[in-house]
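Okay, my_file02.cif is below, mmCIF, C-alpha atoms:
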```
data_structure
#
loop_
_atom_site.group_PDB
_atom_site.id
_atom_site.type_symbol
_atom_site.label_atom_id
_atom_site.label_comp_id
_atom_site.auth_asym_id
_atom_site.auth_seq_id
_atom_site.Cartn_x
_atom_site.Cartn_y
_atom_site.Cartn_z
ATOM 1 C CA MET X 1 -54.088 -23.968 99.301
ATOM 2 C CA LEU X 2 -55.671 -22.075 96.419
ATOM 3 C CA THR X 3 -57.532 -18.793 96.738
ATOM 4 C CA VAL X 4 -58.534 -18.328 93.096
ATOM 5 C CA ASP X 5 -61.200 -20.477 91.421
ATOM 6 C CA PHE X 6 -59.644 -21.221 88.026
ATOM 7 C CA ASP X 7 -62.877 -22.518 86.552
ATOM 8 C CA ARG X 8 -64.460 -19.182 87.397
ATOM 9 C CA LEU X 9 -61.453 -17.388 85.923
ATOM 10 C CA GLY X 10 -62.010 -19.321 82.692
ATOM 11 C CA LEU X 11 -58.524 -20.797 82.434
ATOM 12 C CA ARG X 12 -58.008 -23.207 79.519
ATOM 13 C CA PRO X 13 -55.006 -25.298 78.412
ATOM 14 C CA GLY X 14 -52.578 -23.488 76.164
ATOM 15 C CA GLU X 15 -53.426 -20.013 77.380
ATOM 16 C CA ARG X 16 -50.662 -17.627 78.410
ATOM 17 C CA VAL X 17 -51.092 -16.660 82.054
ATOM 18 C CA LEU X 18 -49.336 -14.392 84.537
ATOM 19 C CA ASP X 19 -49.068 -15.021 88.277
ATOM 20 C CA MET X 20 -47.955 -11.579 89.479
ATOM 21 C CA GLY X 21 -46.398 -11.644 92.931
ATOM 22 C CA CYS X 22 -46.319 -15.436 92.800
ATOM 23 C CA GLY X 23 -44.471 -15.913 96.100
ATOM 24 C CA ALA X 24 -43.887 -19.619 96.667
ATOM 25 C CA GLY X 25 -45.879 -20.385 93.511
ATOM 26 C CA ARG X 26 -49.103 -22.074 94.678
ATOM 27 C CA HIS X 27 -51.286 -20.588 91.939
ATOM 28 C CA ALA X 28 -48.600 -20.867 89.263
ATOM 29 C CA PHE X 29 -48.244 -24.591 89.969
ATOM 30 C CA GLU X 30 -51.978 -25.219 89.619
ATOM 31 C CA MET X 31 -52.165 -23.278 86.344
ATOM 32 C CA TYR X 32 -49.222 -25.305 85.041
ATOM 33 C CA ARG X 33 -51.001 -28.544 86.037
ATOM 34 C CA ARG X 34 -53.985 -27.343 84.019
ATOM 35 C CA GLY X 35 -51.864 -27.029 80.887
ATOM 36 C CA ALA X 36 -51.307 -23.276 80.727
ATOM 37 C CA ASP X 37 -48.235 -21.371 79.525
ATOM 38 C CA VAL X 38 -47.321 -19.853 82.897
ATOM 39 C CA VAL X 39 -45.107 -16.939 83.852
ATOM 40 C CA ALA X 40 -44.459 -16.732 87.605
ATOM 41 C CA PHE X 41 -43.440 -13.149 88.390
ATOM 42 C CA ASP X 42 -41.985 -11.784 91.633
ATOM 43 C CA GLN X 43 -39.319 -9.431 92.940
ATOM 44 C CA ASP X 44 -37.876 -12.070 95.294
ATOM 45 C CA ALA X 45 -35.137 -14.006 93.513
ATOM 46 C CA ASP X 46 -34.948 -16.665 96.232
ATOM 47 C CA GLU X 47 -38.683 -17.405 95.985
ATOM 48 C CA LEU X 48 -38.410 -17.603 92.206
ATOM 49 C CA ALA X 49 -35.532 -20.079 92.420
ATOM 50 C CA GLY X 50 -37.733 -22.418 94.449
ATOM 51 C CA VAL X 51 -40.624 -21.992 92.013
ATOM 52 C CA ARG X 52 -38.346 -22.719 89.070
ATOM 53 C CA ASP X 53 -37.050 -25.898 90.745
ATOM 54 C CA LEU X 54 -40.567 -27.164 91.366
ATOM 55 C CA PHE X 55 -41.613 -26.399 87.784
ATOM 56 C CA THR X 56 -38.757 -28.656 86.691
ATOM 57 C CA ALA X 57 -39.718 -31.370 89.183
ATOM 58 C CA MET X 58 -43.351 -31.288 88.031
ATOM 59 C CA ARG X 59 -42.298 -31.641 84.409
ATOM 60 C CA GLU X 60 -39.932 -34.527 85.164
ATOM 61 C CA ALA X 61 -42.605 -36.296 87.214
ATOM 62 C CA GLY X 62 -45.106 -36.086 84.377
ATOM 63 C CA GLU X 63 -47.514 -33.932 86.394
ATOM 64 C CA VAL X 64 -48.237 -31.483 83.561
ATOM 65 C CA PRO X 65 -49.905 -31.988 80.157
ATOM 66 C CA GLU X 66 -47.894 -32.200 76.976
ATOM 67 C CA GLY X 67 -47.218 -28.720 75.615
ATOM 68 C CA ALA X 68 -47.623 -26.869 78.911
ATOM 69 C CA GLU X 69 -44.830 -24.389 79.596
ATOM 70 C CA ALA X 70 -43.654 -22.528 82.683
ATOM 71 C CA ASP X 71 -41.050 -19.865 83.368
ATOM 72 C CA THR X 72 -40.113 -17.364 86.061
ATOM 73 C CA LYS X 73 -39.401 -13.656 85.753
ATOM 74 C CA GLU X 74 -37.978 -11.258 88.323
ATOM 75 C CA GLY X 75 -39.034 -7.621 88.255
ATOM 76 C CA ASP X 76 -41.080 -4.707 89.494
ATOM 77 C CA ALA X 77 -44.883 -4.830 89.655
ATOM 78 C CA LEU X 78 -44.976 -1.142 88.713
ATOM 79 C CA ALA X 79 -43.175 -1.738 85.414
ATOM 80 C CA LEU X 80 -44.062 -5.209 84.150
ATOM 81 C CA PRO X 81 -41.613 -6.352 81.430
ATOM 82 C CA PHE X 82 -44.362 -7.620 79.143
ATOM 83 C CA ALA X 83 -46.109 -6.359 76.026
ATOM 84 C CA ASP X 84 -49.576 -4.833 76.021
ATOM 85 C CA GLY X 85 -52.231 -7.546 75.943
ATOM 86 C CA GLU X 86 -49.707 -10.391 76.278
ATOM 87 C CA PHE X 87 -51.731 -12.551 78.694
ATOM 88 C CA ASP X 88 -55.062 -14.337 78.432
ATOM 89 C CA ARG X 89 -55.434 -14.628 82.226
ATOM 90 C CA VAL X 90 -53.806 -12.791 85.114
ATOM 91 C CA VAL X 91 -53.693 -13.609 88.830
ATOM 92 C CA ALA X 92 -52.521 -11.251 91.569
ATOM 93 C CA ALA X 93 -53.113 -13.073 94.845
ATOM 94 C CA GLU X 94 -52.459 -11.409 98.218
ATOM 95 C CA VAL X 95 -49.982 -8.897 96.800
ATOM 96 C CA LEU X 96 -51.683 -5.508 96.295
ATOM 97 C CA GLU X 97 -51.953 -4.903 100.055
ATOM 98 C CA HIS X 98 -48.134 -4.794 100.129
ATOM 99 C CA ILE X 99 -47.673 -2.244 97.313
ATOM 100 C CA PRO X 100 -47.751 1.505 98.139
ATOM 101 C CA ALA X 101 -48.525 2.484 94.525
ATOM 102 C CA ASP X 102 -51.332 -0.034 94.126
ATOM 103 C CA ILE X 103 -53.169 1.994 91.469
ATOM 104 C CA GLN X 104 -50.090 1.901 89.236
ATOM 105 C CA ALA X 105 -49.745 -1.846 89.815
ATOM 106 C CA ILE X 106 -53.387 -2.446 88.864
ATOM 107 C CA GLU X 107 -52.937 -0.328 85.732
ATOM 108 C CA GLU X 108 -49.963 -2.482 84.752
ATOM 109 C CA LEU X 109 -51.975 -5.658 85.274
ATOM 110 C CA ALA X 110 -54.755 -4.275 83.087
ATOM 111 C CA ARG X 111 -52.229 -3.241 80.424
ATOM 112 C CA VAL X 112 -50.733 -6.711 79.983
ATOM 113 C CA LEU X 113 -54.145 -8.441 79.912
ATOM 114 C CA ARG X 114 -55.576 -8.918 76.421
ATOM 115 C CA PRO X 115 -59.012 -7.533 75.556
ATOM 116 C CA GLY X 116 -61.502 -10.268 76.433
ATOM 117 C CA GLY X 117 -59.126 -11.750 78.996
ATOM 118 C CA THR X 118 -59.870 -12.242 82.676
ATOM 119 C CA ILE X 119 -58.107 -11.372 85.912
ATOM 120 C CA ALA X 120 -58.456 -12.380 89.565
ATOM 121 C CA LEU X 121 -57.360 -9.998 92.318
ATOM 122 C CA THR X 122 -57.276 -11.315 95.874
ATOM 123 C CA VAL X 123 -56.549 -9.361 99.052
ATOM 124 C CA PRO X 124 -57.196 -9.845 102.773
ATOM 125 C CA ARG X 125 -60.875 -9.222 103.475
ATOM 126 C CA TRP X 126 -61.772 -6.088 105.420
ATOM 127 C CA LEU X 127 -63.347 -7.519 108.592
ATOM 128 C CA PRO X 128 -60.880 -10.335 109.379
ATOM 129 C CA GLU X 129 -57.987 -8.024 108.537
ATOM 130 C CA ALA X 130 -59.320 -5.156 110.669
ATOM 131 C CA ILE X 131 -59.580 -7.515 113.650
ATOM 132 C CA CYS X 132 -55.954 -8.585 113.153
ATOM 133 C CA TRP X 133 -54.825 -4.950 113.030
ATOM 134 C CA ARG X 134 -56.793 -4.150 116.190
ATOM 135 C CA LEU X 135 -55.347 -7.114 118.075
ATOM 136 C CA SER X 136 -51.698 -6.630 117.103
ATOM 137 C CA ASP X 137 -49.559 -3.800 115.775
ATOM 138 C CA ASP X 138 -46.839 -6.333 114.986
ATOM 139 C CA TYR X 139 -49.147 -8.087 112.520
ATOM 140 C CA HIS X 140 -48.859 -5.265 109.993
ATOM 141 C CA ASN X 141 -46.037 -3.002 111.207
ATOM 142 C CA THR X 142 -43.288 -5.045 109.592
ATOM 143 C CA PRO X 143 -41.054 -4.283 106.592
ATOM 144 C CA GLY X 144 -42.883 -5.371 103.464
ATOM 145 C CA GLY X 145 -46.070 -6.033 105.425
ATOM 146 C CA HIS X 146 -49.653 -5.013 104.834
ATOM 147 C CA ILE X 147 -50.029 -1.269 104.396
ATOM 148 C CA ARG X 148 -53.786 -0.983 103.807
ATOM 149 C CA ILE X 149 -57.069 -2.770 104.394
ATOM 150 C CA TYR X 150 -59.271 -2.876 101.298
ATOM 151 C CA THR X 151 -63.009 -2.671 101.205
ATOM 152 C CA ASP X 152 -64.690 -4.500 98.350
ATOM 153 C CA LYS X 153 -65.825 -1.181 96.897
ATOM 154 C CA GLU X 154 -62.348 0.384 96.993
ATOM 155 C CA LEU X 155 -60.670 -2.421 95.064
ATOM 156 C CA VAL X 156 -63.500 -2.725 92.552
ATOM 157 C CA THR X 157 -63.345 1.031 91.910
ATOM 158 C CA LYS X 158 -59.578 1.047 91.431
ATOM 159 C CA ALA X 159 -59.773 -1.866 88.984
ATOM 160 C CA GLU X 160 -62.663 -0.328 87.054
ATOM 161 C CA ASN X 161 -60.758 2.953 86.800
ATOM 162 C CA ALA X 162 -57.947 0.946 85.163
ATOM 163 C CA GLY X 163 -60.349 -0.239 82.457
ATOM 164 C CA LEU X 164 -61.448 -3.568 83.919
ATOM 165 C CA ARG X 165 -65.037 -4.753 84.290
ATOM 166 C CA HIS X 166 -66.132 -6.397 87.531
ATOM 167 C CA THR X 167 -67.745 -9.786 86.913
ATOM 168 C CA GLY X 168 -67.960 -11.416 90.325
ATOM 169 C CA ARG X 169 -66.567 -11.984 93.797
ATOM 170 C CA GLY X 170 -65.931 -14.740 96.277
ATOM 171 C CA TYR X 171 -64.428 -15.358 99.688
ATOM 172 C CA ALA X 172 -61.944 -18.016 100.791
ATOM 173 C CA HIS X 173 -60.156 -19.523 103.791
ATOM 174 C CA GLY X 174 -62.795 -19.107 106.492
ATOM 175 C CA LEU X 175 -60.887 -21.506 108.754
ATOM 176 C CA HIS X 176 -57.810 -19.298 108.606
ATOM 177 C CA SER X 177 -59.291 -16.125 110.078
ATOM 178 C CA PRO X 178 -59.613 -17.499 113.644
ATOM 179 C CA TYR X 179 -56.074 -18.853 113.381
ATOM 180 C CA TRP X 180 -54.692 -15.387 112.640
ATOM 181 C CA TRP X 181 -56.848 -13.773 115.329
ATOM 182 C CA LEU X 182 -55.392 -16.267 117.786
ATOM 183 C CA LYS X 183 -51.843 -15.541 116.658
ATOM 184 C CA CYS X 184 -52.419 -11.806 116.952
ATOM 185 C CA ALA X 185 -53.862 -12.246 120.444
ATOM 186 C CA VAL X 186 -50.938 -14.294 121.812
ATOM 187 C CA GLY X 187 -48.181 -12.682 119.698
ATOM 188 C CA VAL X 188 -47.735 -13.143 115.963
ATOM 189 C CA THR X 189 -44.286 -14.705 116.412
ATOM 190 C CA ASN X 190 -45.341 -16.967 119.284
ATOM 191 C CA ASP X 191 -45.665 -20.130 117.200
ATOM 192 C CA ASP X 192 -44.934 -22.323 120.234
ATOM 193 C CA HIS X 193 -48.118 -21.299 122.054
ATOM 194 C CA PRO X 194 -50.123 -24.536 122.632
ATOM 195 C CA ALA X 195 -53.314 -23.154 121.095
ATOM 196 C CA VAL X 196 -51.478 -21.865 118.021
ATOM 197 C CA LYS X 197 -49.689 -25.182 117.544
ATOM 198 C CA ALA X 198 -52.942 -27.117 117.859
ATOM 199 C CA TYR X 199 -54.766 -24.901 115.371
ATOM 200 C CA HIS X 200 -51.842 -25.081 112.952
ATOM 201 C CA ARG X 201 -51.996 -28.888 113.061
ATOM 202 C CA LEU X 202 -55.684 -28.645 112.192
ATOM 203 C CA LEU X 203 -54.960 -26.439 109.167
ATOM 204 C CA VAL X 204 -52.195 -28.724 107.918
ATOM 205 C CA TRP X 205 -54.491 -31.733 108.298
ATOM 206 C CA ASP X 206 -57.202 -29.891 106.397
ATOM 207 C CA ILE X 207 -54.859 -28.948 103.539
ATOM 208 C CA MET X 208 -53.409 -32.437 103.222
ATOM 209 C CA GLN X 209 -56.554 -34.522 103.737
ATOM 210 C CA ARG X 210 -59.385 -32.190 102.663
ATOM 211 C CA PRO X 211 -61.941 -34.018 104.832
ATOM 212 C CA TRP X 212 -65.667 -33.439 104.284
ATOM 213 C CA LEU X 213 -66.031 -31.945 107.764
ATOM 214 C CA THR X 214 -63.674 -29.013 107.213
ATOM 215 C CA ARG X 215 -64.783 -28.607 103.579
ATOM 216 C CA THR X 216 -68.338 -28.178 104.860
ATOM 217 C CA ALA X 217 -67.192 -25.827 107.619
ATOM 218 C CA GLU X 218 -65.379 -23.599 105.123
ATOM 219 C CA LYS X 219 -68.436 -23.392 102.881
ATOM 220 C CA VAL X 220 -70.330 -22.036 105.876
ATOM 221 C CA LEU X 221 -67.555 -19.789 107.180
ATOM 222 C CA ASP X 222 -66.241 -18.325 103.900
ATOM 223 C CA PRO X 223 -69.167 -15.938 103.245
ATOM 224 C CA ALA X 224 -69.038 -14.675 106.841
ATOM 225 C CA ILE X 225 -65.361 -14.579 107.845
ATOM 226 C CA GLY X 226 -63.360 -15.789 104.852
ATOM 227 C CA LYS X 227 -59.821 -14.433 105.229
ATOM 228 C CA SER X 228 -59.491 -13.560 101.530
ATOM 229 C CA LEU X 229 -61.601 -11.455 99.204
ATOM 230 C CA VAL X 230 -61.455 -12.666 95.589
ATOM 231 C CA LEU X 231 -62.592 -10.305 92.833
ATOM 232 C CA TYR X 232 -62.957 -11.330 89.187
ATOM 233 C CA PHE X 233 -62.780 -8.944 86.239
ATOM 234 C CA ASP X 234 -62.548 -9.022 82.490
ATOM 235 C CA LYS X 235 -61.081 -6.530 80.065
ATOM 236 C CA PRO X 236 -63.667 -5.306 77.571
ATOM 237 C CA ASP X 237 -62.814 -5.496 73.889
ATOM 238 C CA GLY X 238 -61.408 -2.235 72.633
ATOM 239 C CA ARG X 239 -59.655 -1.339 75.891
#
```
Translate the structure of the given file into structure tokens.
Amino acid sequence: MLTVDFDRLGLRPGERVLDMGCGAGRHAFEMYRRGADVVAFDQDADELAGVRDLFTAMREAGEVPEGAEADTKEGDALALPFADGEFDRVVAAEVLEHIPADIQAIEELARVLRPGGTIALTVPRWLPEAICWRLSDDYHNTPGGHIRIYTDKELVTKAENAGLRHTGRGYAHGLHSPYWWLKCAVGVTNDDHPAVKAYHRLLVWDIMQRPWLTRTAEKVLDPAIGKSLVLYFDKPDGR
């Protein structure tokens, strides 16, 4: 389930790309399939071990183009262990809302992006997220959970202050917002609730089968209640 549009990002085979806060690796895997030189970065060693294993499995199964490379790196988002301008493309998907010093993290992302390169930042969208917070304190009051709700303007301003130039926006996962509202209403850990189980089956079916019905529904729902805000930036030459 991808949040970032890699065609819009401008990703091309052979480019060096960073997936910062990669988690289970969904975006890193897609960039690897597209022939990029991928670094999956996270502070969770267990998550990275799983990502590394799947990189190996993809390579052995012949799922990646000749010459594509992939690696993992553990570290701190506030002090990225990479050189200035090292990456052609950068992705930070659903991670900034977890980081107290988000301005410092954005500055680090801008630092390691080359002039002329592009970056996608995705965070939970304000309205769907605000509804979740209103429905359930447990949704966000957890260790390592969401600590802020971004407006579009706030995140654009913070990125522009770091030297990036805003080039576009999008919204994703409109079918997922009602699912999370439902979970918040019945209890975020109550996965056995019949309505939650039924909706989860729908989402799994959608992800696996990608039927025209739900694809059409998401195109309608994304602009209105898409769960994720996706902002695209480039780094002007000379920065």
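Nearest to X:Gly25 of all the residues X:Asp44, X:Asp137, X:Glu160, X:Asp7 is X:Asp44, based on only C-alpha atoms.
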- Task: Quote the spacing between atom CA of X:Gly163 and atom CA of X:Ile106 in Å to one decimal place.
- Result: 9.7 Å
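In this model, the gap between atom CA of X:Glu218 and atom CA of X:Gly174 comes to 5.4 Å.
Across the structure, atom CA of X:Glu94 and atom CA of X:Pro194 are spaced 27.8 Å apart.
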- Using all atoms listed in the file, pick whichever of X:Ser228, X:Ala49, X:Met1, X:His140 has the shortest atom-to-atom distance to X:Asp206. X:Met1
- Query: Any idea what's packed within 8 Å of X:Phe233, counting all atoms listed in the file, ignoring anything in its chain fewer than 2 positions away? Could you give it as a ChimeraX atom specification?
  - Reply: /X:118-120,164-168,231,235
- Task: Check what the PyMOL selection byres ((chain X and resi 3) around 8) selects in the file above and give those residues as a PyMOL selection string.
- Result: chain X and resi 1-2+4-5+93+122+172-173+228+230
- Neighbour list for X:Arg114 as a list of chain:residue names, cut-off 8 Å, only C-alpha atoms, skip fewer than 4 positions in-chain: X:Asp84, X:Gly85, X:Glu86, X:Phe87, X:Asp88, X:Lys235
- Output the residue selection produced by the PyMOL selection byres ((chain X and resi 224-227) around 7) on the file above, formatted as a PyMOL selection string. chain X and resi 124-125+128+171-174+176-177+221-223+228-229
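Look at X:Lys183: the protein and nucleic acid residues within 9 Å of it, using all atoms listed in the file and passing over chain neighbours fewer than 6 places away, are Cys132, Ser136, Tyr139, Thr189, Asn190, Asp191, His193, Ala195 and Val196 of chain X.
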- Excluding stretch 100-104 of chain X and any residue of its chain fewer than 2 positions from it, enumerate the residues within 10 Å of it, using all atoms listed in the file, and give them as a list of chain:residue names. X:Ala77, X:Leu78, X:Ala79, X:Val95, X:Leu96, X:Glu97, X:His98, X:Ile106, X:Glu107, X:Glu108, X:Leu109, X:Ala110, X:Gly144, X:His146, X:Ile147, X:Arg148, X:Leu155, X:Lys158, X:Ala159, X:Asn161, X:Ala162
- Query: Which neighbours of X:Val17 fall inside 8 Å, counting only C-alpha atoms, when residues of the same chain fewer than 2 positions from it are skipped, and could you give them as number ranges by chain?
  - Reply: X: 15, 19, 31, 36-39, 87-91
- Taking (-58.0, -26.7, 114.4) in the file's coordinates, which residues come within 12 Å, counting all atoms listed in the file, written as a VMD selection string? chain X and resid 174 to 180 182 194 to 207 213 to 214 217
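Distances to X:Gly170 were evaluated for X:Asp53, X:Asp71, X:Asp152, X:Glu129 using only C-alpha atoms, and the minimum falls at X:Asp152.
The set of residues that the PyMOL selection byres ((chain X and resi 35) around 6) takes from this file is Pro13, Gly14, Tyr32, Arg33, Arg34, Ala36, Pro65 and Ala68 of chain X.
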Would you save the residues of that selection, restricted to C-alpha atoms, as a CSV table (one decimal), in the coordinates of the input?
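Output (out-v4.csv):
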```
chain,number,residue,atom,x,y,z
X,13,PRO,CA,-55.0,-25.3,78.4
X,14,GLY,CA,-52.6,-23.5,76.2
X,32,TYR,CA,-49.2,-25.3,85.0
X,33,ARG,CA,-51.0,-28.5,86.0
X,34,ARG,CA,-54.0,-27.3,84.0
X,36,ALA,CA,-51.3,-23.3,80.7
X,65,PRO,CA,-49.9,-32.0,80.2
X,68,ALA,CA,-47.6,-26.9,78.9
```
Please reconstruct the missing atoms of stretch 130-160 of chain X (target: N, CA and C atoms) and return them as a compact mmCIF listing (two decimals), in the coordinates of the input.
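Produced file out_13.txt, reproduced below:
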```txt
# COMPACT_ATOMS: atom_id res chain seq x y z
N ALA X 130 -59.18 -6.23 109.68
CA ALA X 130 -59.32 -5.16 110.67
C ALA X 130 -59.19 -5.70 112.08
N ILE X 131 -59.71 -6.91 112.32
CA ILE X 131 -59.58 -7.52 113.65
C ILE X 131 -58.12 -7.81 113.95
N CYS X 132 -57.39 -8.33 112.96
CA CYS X 132 -55.95 -8.59 113.15
C CYS X 132 -55.20 -7.30 113.49
N TRP X 133 -55.50 -6.22 112.77
CA TRP X 133 -54.82 -4.95 113.03
C TRP X 133 -55.15 -4.44 114.43
N ARG X 134 -56.40 -4.62 114.86
CA ARG X 134 -56.79 -4.15 116.19
C ARG X 134 -56.11 -4.96 117.29
N LEU X 135 -55.93 -6.25 117.06
CA LEU X 135 -55.35 -7.11 118.08
C LEU X 135 -53.83 -6.97 118.19
N SER X 136 -53.16 -6.62 117.09
CA SER X 136 -51.70 -6.63 117.10
C SER X 136 -51.11 -5.62 116.12
N ASP X 137 -50.30 -4.70 116.65
CA ASP X 137 -49.56 -3.80 115.78
C ASP X 137 -48.48 -4.55 115.01
N ASP X 138 -47.91 -5.59 115.63
CA ASP X 138 -46.84 -6.33 114.99
C ASP X 138 -47.32 -7.08 113.75
N TYR X 139 -48.61 -7.35 113.66
CA TYR X 139 -49.15 -8.09 112.52
C TYR X 139 -48.88 -7.35 111.21
N HIS X 140 -49.01 -6.02 111.24
CA HIS X 140 -48.86 -5.26 109.99
C HIS X 140 -47.68 -4.29 109.99
N ASN X 141 -47.16 -3.95 111.15
CA ASN X 141 -46.04 -3.00 111.21
C ASN X 141 -44.70 -3.73 111.05
N THR X 142 -44.53 -4.34 109.90
CA THR X 142 -43.29 -5.04 109.59
C THR X 142 -42.84 -4.64 108.19
N PRO X 143 -41.53 -4.63 107.94
CA PRO X 143 -41.05 -4.28 106.59
C PRO X 143 -41.67 -5.20 105.54
N GLY X 144 -42.25 -4.59 104.52
CA GLY X 144 -42.88 -5.37 103.46
C GLY X 144 -44.24 -5.93 103.82
N GLY X 145 -44.79 -5.51 104.97
CA GLY X 145 -46.07 -6.03 105.42
C GLY X 145 -47.26 -5.33 104.79
N HIS X 146 -48.42 -5.60 105.36
CA HIS X 146 -49.65 -5.01 104.83
C HIS X 146 -49.71 -3.52 105.17
N ILE X 147 -50.01 -2.71 104.17
CA ILE X 147 -50.03 -1.27 104.40
C ILE X 147 -51.42 -0.67 104.28
N ARG X 148 -52.41 -1.48 103.89
CA ARG X 148 -53.79 -0.98 103.81
C ARG X 148 -54.75 -2.14 103.98
N ILE X 149 -55.98 -1.80 104.33
CA ILE X 149 -57.07 -2.77 104.39
C ILE X 149 -58.09 -2.35 103.35
N TYR X 150 -58.33 -3.20 102.37
CA TYR X 150 -59.27 -2.88 101.30
C TYR X 150 -60.71 -3.16 101.70
N THR X 151 -61.61 -2.30 101.29
CA THR X 151 -63.01 -2.67 101.20
C THR X 151 -63.25 -3.23 99.81
N ASP X 152 -64.33 -3.99 99.68
CA ASP X 152 -64.69 -4.50 98.35
C ASP X 152 -64.82 -3.34 97.36
N LYS X 153 -65.54 -2.31 97.79
CA LYS X 153 -65.82 -1.18 96.90
C LYS X 153 -64.55 -0.49 96.45
N GLU X 154 -63.58 -0.31 97.35
CA GLU X 154 -62.35 0.38 96.99
C GLU X 154 -61.60 -0.36 95.90
N LEU X 155 -61.45 -1.68 96.05
CA LEU X 155 -60.67 -2.42 95.06
C LEU X 155 -61.42 -2.52 93.74
N VAL X 156 -62.72 -2.70 93.79
CA VAL X 156 -63.50 -2.72 92.55
C VAL X 156 -63.35 -1.40 91.82
N THR X 157 -63.44 -0.29 92.53
CA THR X 157 -63.34 1.03 91.91
C THR X 157 -61.97 1.24 91.28
N LYS X 158 -60.92 0.87 91.98
CA LYS X 158 -59.58 1.05 91.43
C LYS X 158 -59.38 0.20 90.17
N ALA X 159 -59.91 -1.02 90.17
CA ALA X 159 -59.77 -1.87 88.98
C ALA X 159 -60.61 -1.34 87.82
N GLU X 160 -61.81 -0.88 88.11
CA GLU X 160 -62.66 -0.33 87.05
C GLU X 160 -62.05 0.94 86.47
```
